>>> print(open('target.txt').read())   # compact mmCIF, C-alpha atoms
# COMPACT_ATOMS: atom_id res chain seq x y z
CA MET A 235 0.00 0.00 0.00
CA ASN A 236 1.48 3.34 -1.05
CA SER A 237 1.26 6.50 1.02
CA GLU A 238 -1.48 8.06 -1.12
CA ARG A 239 -3.79 5.06 -0.74
CA PHE A 240 -3.04 4.93 2.99
CA THR A 241 -4.02 8.59 3.28
CA LEU A 242 -7.24 8.18 1.27
CA LEU A 243 -8.34 5.39 3.62
CA PHE A 244 -8.04 7.64 6.68
CA PRO A 245 -11.72 7.25 7.71
CA LEU A 246 -11.21 3.48 7.95
CA TRP A 247 -8.10 3.88 10.12
CA THR A 248 -9.89 6.39 12.39
CA LEU A 249 -12.86 4.06 12.86
CA MET A 250 -10.59 1.07 13.49
CA GLY A 251 -8.52 3.01 16.02
CA ALA A 252 -11.61 4.11 17.95
CA GLY A 253 -13.01 0.57 17.91
CA LEU A 254 -9.77 -0.98 19.14
CA ALA A 255 -9.50 1.68 21.85
CA LEU A 256 -12.93 0.66 23.17
CA LEU A 257 -11.97 -3.01 23.18
CA TYR A 258 -8.52 -2.57 24.74
CA PRO A 259 -7.81 1.00 25.94
CA PRO A 260 -4.16 0.44 27.03
CA LEU A 261 -3.27 -0.05 23.37
CA PHE A 262 -3.62 3.73 22.88
CA THR A 263 -3.93 5.48 26.24
CA TRP A 264 -0.14 5.82 26.54
CA PHE A 265 -0.45 8.45 23.79
CA ARG A 266 -1.40 11.42 25.96
CA GLY A 267 -0.27 14.80 27.27
CA ASP A 268 2.56 16.31 25.25
CA LEU A 269 2.35 13.49 22.69
CA ILE A 270 -1.16 14.62 21.69
CA THR A 271 0.08 18.20 21.36
CA MET A 272 3.03 17.01 19.26
CA GLY A 273 0.65 14.98 17.08
CA LEU A 274 -1.39 18.08 16.31
CA GLY A 275 1.86 19.94 15.66
CA VAL A 276 2.75 17.38 12.99
CA ILE A 277 -0.64 17.93 11.32
CA MET A 278 -0.23 21.71 11.34
CA LEU A 279 3.39 21.50 10.15
CA GLY A 280 2.21 19.41 7.20
CA MET A 281 -0.32 22.12 6.34
CA GLY A 282 2.41 24.74 6.37
CA LEU A 283 4.69 22.64 4.15
CA GLY A 284 1.89 22.30 1.63
CA LEU A 285 1.39 26.05 1.25
CA THR A 286 2.88 28.24 -1.48
CA PRO A 287 2.63 31.97 -2.18
CA GLN A 288 0.31 31.07 -5.09
CA ASP A 289 -2.24 29.78 -2.57
CA PHE A 290 -2.54 33.22 -1.03
CA VAL A 291 -2.61 34.87 -4.46
CA ARG A 292 -5.55 32.60 -5.26
CA VAL A 293 -7.45 34.03 -2.29
CA GLY A 294 -7.14 37.48 -3.81
CA GLN A 295 -8.23 36.23 -7.21
CA ARG A 296 -11.24 34.29 -5.89
CA PRO A 297 -12.14 35.85 -2.54
CA ARG A 298 -15.91 35.31 -2.72
CA PRO A 299 -16.03 31.51 -2.17
CA VAL A 300 -13.42 31.75 0.59
CA VAL A 301 -15.33 34.51 2.40
CA ILE A 302 -18.62 32.60 2.07
CA GLY A 303 -17.02 29.42 3.39
CA VAL A 304 -15.20 30.99 6.33
CA LEU A 305 -18.22 33.05 7.40
CA THR A 306 -20.45 29.96 7.21
CA GLN A 307 -17.86 27.99 9.16
CA PHE A 308 -17.69 30.38 12.10
CA ILE A 309 -21.39 31.30 12.18
CA VAL A 310 -23.08 27.96 11.52
CA MET A 311 -20.95 25.47 13.46
CA PRO A 312 -20.56 27.37 16.78
CA SER A 313 -24.26 28.30 16.79
CA ILE A 314 -25.47 24.76 16.10
CA ALA A 315 -23.05 23.29 18.65
CA ALA A 316 -24.38 25.63 21.35
CA LEU A 317 -28.01 24.86 20.43
CA LEU A 318 -27.42 21.10 20.47
CA ALA A 319 -25.60 21.23 23.82
CA PHE A 320 -28.61 23.02 25.29
CA ALA A 321 -31.34 21.01 23.53
CA LEU A 322 -29.82 17.60 24.34
CA HIS A 323 -29.04 18.55 27.95
CA LEU A 324 -25.42 17.48 27.70
CA SER A 325 -23.43 17.51 30.92
CA PRO A 326 -21.30 20.68 31.29
CA PRO A 327 -17.98 19.05 30.26
CA LEU A 328 -19.53 17.44 27.17
CA ALA A 329 -21.42 20.64 26.31
CA VAL A 330 -18.19 22.66 26.47
CA GLY A 331 -16.37 20.01 24.42
CA LEU A 332 -19.05 20.08 21.71
CA ILE A 333 -18.99 23.89 21.58
CA LEU A 334 -15.20 23.77 21.34
CA VAL A 335 -15.51 21.46 18.33
CA GLY A 336 -17.97 23.85 16.70
CA CYS A 337 -15.65 26.82 17.24
CA CYS A 338 -12.62 25.16 15.62
CA PRO A 339 -11.55 25.78 12.01
CA GLY A 340 -11.73 23.32 9.16
CA GLY A 341 -9.42 20.31 9.41
CA THR A 342 -6.76 19.13 6.97
CA ALA A 343 -8.72 15.91 6.45
CA SER A 344 -11.19 18.02 4.45
CA ASN A 345 -8.57 18.41 1.72
CA VAL A 346 -8.40 14.63 1.28
CA VAL A 347 -12.20 14.37 1.18
CA ALA A 348 -12.34 17.19 -1.38
CA LEU A 349 -9.95 15.18 -3.55
CA ILE A 350 -12.06 12.02 -3.25
CA GLY A 351 -15.33 13.90 -3.90
CA ARG A 352 -14.10 15.68 -7.05
CA ALA A 353 -14.48 19.08 -5.38
CA ASP A 354 -12.14 22.07 -5.81
CA VAL A 355 -9.03 20.85 -3.94
CA ALA A 356 -7.12 24.13 -4.36
CA LEU A 357 -10.06 26.06 -2.90
CA SER A 358 -10.30 23.52 -0.07
CA VAL A 359 -6.64 24.02 0.85
CA VAL A 360 -6.99 27.81 0.78
CA MET A 361 -10.17 27.73 2.87
CA THR A 362 -8.57 25.43 5.45
CA THR A 363 -5.60 27.77 5.68
CA VAL A 364 -7.67 30.95 6.00
CA SER A 365 -10.06 29.44 8.57
CA THR A 366 -7.07 28.16 10.56
CA LEU A 367 -5.46 31.60 10.64
CA VAL A 368 -8.76 33.31 11.51
CA ALA A 369 -9.31 30.71 14.25
CA VAL A 370 -6.32 32.06 16.17
CA VAL A 371 -8.64 34.90 17.24
CA LEU A 372 -12.14 33.50 16.74
CA THR A 373 -11.84 30.06 18.37
CA PRO A 374 -10.94 31.39 21.85
CA GLN A 375 -13.42 34.28 21.59
CA LEU A 376 -16.37 32.20 20.39
CA THR A 377 -15.68 29.44 22.92
CA ALA A 378 -15.57 31.97 25.75
CA LEU A 379 -18.82 33.56 24.52
CA LEU A 380 -20.82 30.36 24.07
CA ALA A 381 -19.41 28.01 26.72
CA SER A 382 -18.92 30.32 29.70
CA GLN A 383 -22.45 29.49 30.91
CA TYR A 384 -21.25 25.96 31.70
CA VAL A 385 -17.77 26.48 33.14
CA PRO A 386 -15.40 29.45 33.55
CA ILE A 387 -13.46 29.97 30.31
CA ASP A 388 -9.96 31.47 30.25
CA GLY A 389 -10.00 33.10 26.82
CA GLY A 390 -6.43 34.33 27.21
CA LEU A 391 -5.08 30.85 27.91
CA LEU A 392 -7.02 29.46 24.95
CA LEU A 393 -5.51 32.15 22.72
CA ILE A 394 -1.99 31.26 23.86
CA LYS A 395 -2.61 27.56 23.22
CA VAL A 396 -3.99 28.22 19.74
CA LEU A 397 -0.93 30.30 18.92
CA GLN A 398 1.35 27.50 20.16
CA VAL A 399 -0.31 24.53 18.50
CA VAL A 400 -1.62 26.16 15.30
CA LEU A 401 0.15 29.33 14.24
CA PHE A 402 3.71 28.35 15.18
CA PRO A 403 3.87 24.97 13.37
CA VAL A 404 2.04 26.32 10.29
CA ALA A 405 4.46 29.27 10.12
CA LEU A 406 7.41 26.90 10.59
CA GLY A 407 6.19 24.79 7.68
CA VAL A 408 5.84 27.83 5.42
CA LEU A 409 9.33 29.03 6.36
CA LEU A 410 10.85 25.61 5.69
CA LYS A 411 9.09 25.48 2.32
CA GLN A 412 10.53 28.84 1.31
CA GLY A 413 13.91 28.77 3.07
CA LEU A 414 14.90 25.12 2.71
CA PRO A 415 13.00 23.88 -0.35
CA ARG A 416 15.10 20.71 -0.79
CA LEU A 417 14.48 19.60 2.78
CA ALA A 418 10.80 20.52 2.48
CA SER A 419 10.43 18.53 -0.74
CA ARG A 420 11.83 15.44 1.00
CA VAL A 421 9.69 15.81 4.10
CA GLU A 422 6.41 16.86 2.48
CA PRO A 423 5.47 13.47 0.90
CA VAL A 424 5.48 11.73 4.29
CA MET A 425 3.51 14.43 6.12
CA ALA A 426 0.06 13.32 4.92
CA PRO A 427 0.46 9.72 6.19
CA LEU A 428 1.98 11.05 9.42
CA ALA A 429 -0.99 13.40 9.83
CA VAL A 430 -3.40 10.47 9.36
CA LEU A 431 -1.48 8.46 11.96
CA ALA A 432 -1.55 11.43 14.36
CA ILE A 433 -5.33 11.84 13.94
CA VAL A 434 -5.90 8.13 14.60
CA MET A 435 -3.71 8.13 17.70
CA ILE A 436 -5.32 11.28 19.14
CA VAL A 437 -8.84 9.93 18.60
CA ALA A 438 -8.05 6.44 19.90
CA SER A 439 -6.25 7.81 22.95
CA ILE A 440 -9.20 9.94 24.04
CA VAL A 441 -11.76 7.23 23.28
CA GLY A 442 -9.72 4.68 25.23
CA SER A 443 -9.15 6.95 28.23
CA GLN A 444 -12.87 7.78 28.45
CA ALA A 445 -14.31 4.38 27.48
CA ASN A 446 -16.47 4.17 30.63
CA VAL A 447 -17.97 7.62 30.10
CA LEU A 448 -18.58 6.80 26.45
CA GLN A 449 -20.50 3.67 27.39
CA GLN A 450 -22.68 5.67 29.80
CA GLN A 451 -23.30 8.84 27.76
CA GLY A 452 -22.20 7.72 24.31
CA ALA A 453 -25.62 7.57 22.62
CA ARG A 454 -26.45 11.21 23.33
CA LEU A 455 -22.95 12.37 22.42
CA PHE A 456 -23.01 10.41 19.15
CA LEU A 457 -26.37 11.97 18.32
CA ALA A 458 -25.02 15.46 19.06
CA CYS A 459 -21.98 14.93 16.82
CA VAL A 460 -24.04 13.43 13.97
CA LEU A 461 -26.47 16.36 14.10
CA LEU A 462 -23.67 18.93 14.35
CA HIS A 463 -21.69 17.66 11.38
CA GLY A 464 -24.76 16.69 9.38
CA ALA A 465 -26.04 20.27 9.70
CA GLY A 466 -22.59 21.58 8.80
CA PHE A 467 -22.42 19.56 5.58
CA LEU A 468 -26.02 20.47 4.66
CA LEU A 469 -25.78 24.21 5.34
CA GLY A 470 -22.29 24.33 3.86
CA TRP A 471 -23.83 23.06 0.62
CA LEU A 472 -27.01 25.14 0.84
CA VAL A 473 -25.50 28.58 1.54
CA PRO A 474 -23.30 28.74 -1.60
CA LEU A 475 -26.20 27.32 -3.63
CA LEU A 476 -28.46 30.16 -2.47
CA VAL A 477 -25.89 32.82 -3.40
CA GLY A 478 -25.34 31.38 -6.87
CA GLU A 479 -22.04 29.48 -6.61
CA GLY A 480 -21.38 26.46 -8.83
CA VAL A 481 -21.41 22.77 -7.97
CA LEU A 482 -17.69 22.46 -7.23
CA VAL A 483 -17.79 25.40 -4.81
CA GLN A 484 -20.92 23.96 -3.16
CA ARG A 485 -19.19 20.63 -2.58
CA THR A 486 -16.00 22.26 -1.32
CA ILE A 487 -17.69 24.58 1.16
CA SER A 488 -19.92 21.74 2.36
CA ILE A 489 -16.83 19.66 3.13
CA GLU A 490 -14.98 22.55 4.76
CA VAL A 491 -17.88 23.53 7.01
CA GLY A 492 -18.81 19.95 7.91
CA MET A 493 -15.29 18.80 8.83
CA GLN A 494 -13.71 20.47 11.83
CA ASN A 495 -10.17 20.34 13.19
CA SER A 496 -11.22 17.94 15.95
CA GLY A 497 -7.61 17.34 16.92
CA LEU A 498 -7.33 21.00 17.86
CA ALA A 499 -10.51 20.67 19.94
CA VAL A 500 -8.96 17.74 21.80
CA VAL A 501 -5.69 19.55 22.47
CA LEU A 502 -7.46 22.71 23.67
CA ALA A 503 -9.78 20.63 25.86
CA ARG A 504 -6.77 18.99 27.49
CA SER A 505 -4.52 22.03 27.85
CA GLY A 506 -6.83 25.05 27.74
CA GLY A 507 -7.65 25.24 31.43
CA PHE A 508 -10.63 22.86 31.50
CA THR A 509 -10.71 20.74 34.63
CA SER A 510 -12.72 17.74 33.40
CA PRO A 511 -10.89 15.22 31.17
CA ILE A 512 -14.13 14.26 29.39
CA THR A 513 -14.23 17.72 27.78
CA ALA A 514 -11.94 16.19 25.14
CA LEU A 515 -14.35 13.34 24.34
CA PRO A 516 -16.63 15.25 21.90
CA GLY A 517 -13.55 16.12 19.84
CA ALA A 518 -12.58 12.46 19.52
CA ILE A 519 -16.10 11.32 18.59
CA SER A 520 -16.43 14.28 16.23
CA ALA A 521 -13.35 13.15 14.30
CA VAL A 522 -14.88 9.73 13.66
CA ILE A 523 -18.30 11.12 12.71
CA HIS A 524 -17.21 13.82 10.29
CA CYS A 525 -14.74 11.47 8.59
CA LEU A 526 -17.50 8.92 7.96
CA ILE A 527 -20.10 11.45 6.77
CA GLY A 528 -17.56 13.30 4.63
CA SER A 529 -16.28 10.11 3.04
CA ALA A 530 -19.82 8.92 2.28
CA LEU A 531 -20.66 12.23 0.60
CA ALA A 532 -17.37 12.19 -1.31
CA ALA A 533 -18.12 8.69 -2.63
CA ILE A 534 -21.59 9.79 -3.78
CA TRP A 535 -20.25 12.92 -5.48
CA ARG A 536 -17.39 11.00 -7.09
CA GLN A 537 -19.81 8.46 -8.55
CA LYS A 538 -22.08 11.27 -9.77
CA SER A 539 -19.13 12.97 -11.49
CA ARG A 540 -18.22 9.70 -13.21
CA GLN A 541 -21.78 9.27 -14.49
CA GLN A 542 -21.88 12.83 -15.77
CA SER A 543 -18.53 12.44 -17.55
CA LYS A 544 -19.83 9.33 -19.33
CA ALA A 545 -23.12 10.98 -20.33
>>> encode(input="target.txt", output="structure tokens")
Amino acid sequence: MNSERFTLLFPLWTLMGAGLALLYPPLFTWFRGDLITMGLGVIMLGMGLGLTPQDFVRVGQRPRPVVIGVLTQFIVMPSIAALLAFALHLSPPLAVGLILVGCCPGGTASNVVALIGRADVALSVVMTTVSTLVAVVLTPQLTALLASQYVPIDGGLLLIKVLQVVLFPVALGVLLKQGLPRLASRVEPVMAPLAVLAIVMIVASIVGSQANVLQQQGARLFLACVLLHGAGFLLGWLVPLLVGEGVLVQRTISIEVGMQNSGLAVVLARSGGFTSPITALPGAISAVIHCLIGSALAAIWRQKSRQQSKA
């Protein structure tokens, strides 16, 4: 199996990791603390290595889809997460964790799903990058606004953590790409498989460490995550349709809005000043859910594109 095929099968690996973690938690629970933070750093470094100046030029050339996508991302997902936490009467730690997921930017896995679903991959990469940079400010602020009713939120600490685990590794990747292009070209091909492995380990670690809680409150949490991401995919497709964007943009924004950076939610839940360890659980479940929904949609859209090309 080559690295590209391994990367494209990331939903399968995520589901398998979560399942194994439920069956035998010690297989993954050793991956915790700084290792989880380092795992997210690898994912963000890979994003930075994949960026070129042309990506940012493309934003200036086609700003409308990016603006629509990012606005939808940070209006729809936080609002729906807060509504679901209230409507489903989630316990405070799970409510905060779900809101944290909703306030995070798009994840790098969305770029893989955009490739599978015959969406606009270049637009997907740009949107992920822009939403990630905007999240440095918006994720702490929105979380503090929407989740402070459940537990005290230290917005300043969240901001510092986002800077550490998002902005620094992305900036490092960009600098390596521009300053040491030979080294970057050697490292870049292995970053996607490493990012998949990091996602799987983060998800499995949290699922394994909170297996008892998941068995007790799992049904309601699964429902919350399915509804959150289902609404994100649906509204992410509907909003660009209503404003007259084409099919490829509709698919791309749907994927970007529906798929969050759940790894960031996990890291912030563990290191952002939250006292309960189960605050990280919604992020882990979210990663499994949005990967499965996104992959299913990508398969449907890919098949539809094949049929249209034959017609």
>>> closest_residue(input="target.txt", among="A:Pro339, A:Gly407, A:Gly253, A:Pro299", to="A:Gly480", atoms="only C-alpha atoms")
A:Pro299
>>> residues_near_point(input="target.txt", point="(-11.7, 7.5, 19.7)", cutoff="10 Å", atoms="all atoms listed in the file", output="ChimeraX atom specification")
/A:248-256,259,262,433-445,448,515-522
>>> closest_residue(input="target.txt", among="A:Ala530, A:Val421, A:Val304, A:Ile487", to="A:Leu472", atoms="only C-alpha atoms")
A:Ile487
>>> residues_around(input="target.txt", residues="A:Val330", least_positions_apart="2", cutoff="10 Å", atoms="all atoms listed in the file", output="list in words")
Ala315, Ala316, Ala319, Leu324, Ser325, Pro326, Pro327, Leu328, Leu332, Ile333, Leu334, Val335, Gly336, Thr377, Ala378, Leu380, Ala381, Ser382, Gln383, Tyr384, Val385, Ile387, Ala503, Phe508, Ile512, Thr513, Ala514 and Pro516 of chain A
>>> closest_residue(input="target.txt", among="A:Leu243, A:Leu406, A:Val291, A:Met361", to="A:Gly275", atoms="only C-alpha atoms")
A:Leu406
>>> atom_distance(input="target.txt", atom1="atom CA of A:Ala432", atom2="atom CA of A:Gly497")
8.8 Å
>>> residues_around(input="target.txt", residues="A:Leu461", least_positions_apart="3", cutoff="10 Å", atoms="all atoms listed in the file", output="PyMOL selection string")
chain A and resi 314-315+318+455-458+464-467+523
>>> atom_distance(input="target.txt", atom1="atom CA of A:Gly282", atom2="atom CA of A:Leu305")
22.3 Å
>>> closest_residue(input="target.txt", among="A:Pro403, A:Gly413, A:Gly389, A:Gly351", to="A:Lys538", atoms="all atoms listed in the file")
A:Gly351
>>> closest_residue(input="target.txt", among="A:Leu242, A:Leu502, A:Leu283, A:Leu379", to="A:Val359", atoms="all atoms listed in the file")
A:Leu283
>>> closest_residue(input="target.txt", among="A:Gln307, A:Tyr258, A:Ser539, A:Leu393", to="A:Val491", atoms="only C-alpha atoms")
A:Gln307
>>> atom_distance(input="target.txt", atom1="atom CA of A:Arg420", atom2="atom CA of A:Trp247")
24.8 Å
>>> residues_near_point(input="target.txt", point="(3.3, 8.7, -2.9)", cutoff="10 Å", atoms="only C-alpha atoms", output="MDAnalysis selection string")
chainID A and resid 235:241 423:424 426:427
>>> residues_around(input="target.txt", residues="A:Leu391", least_positions_apart="6", cutoff="10 Å", atoms="only C-alpha atoms", output="ChimeraX atom specification")
/A:374,397,502,505-507
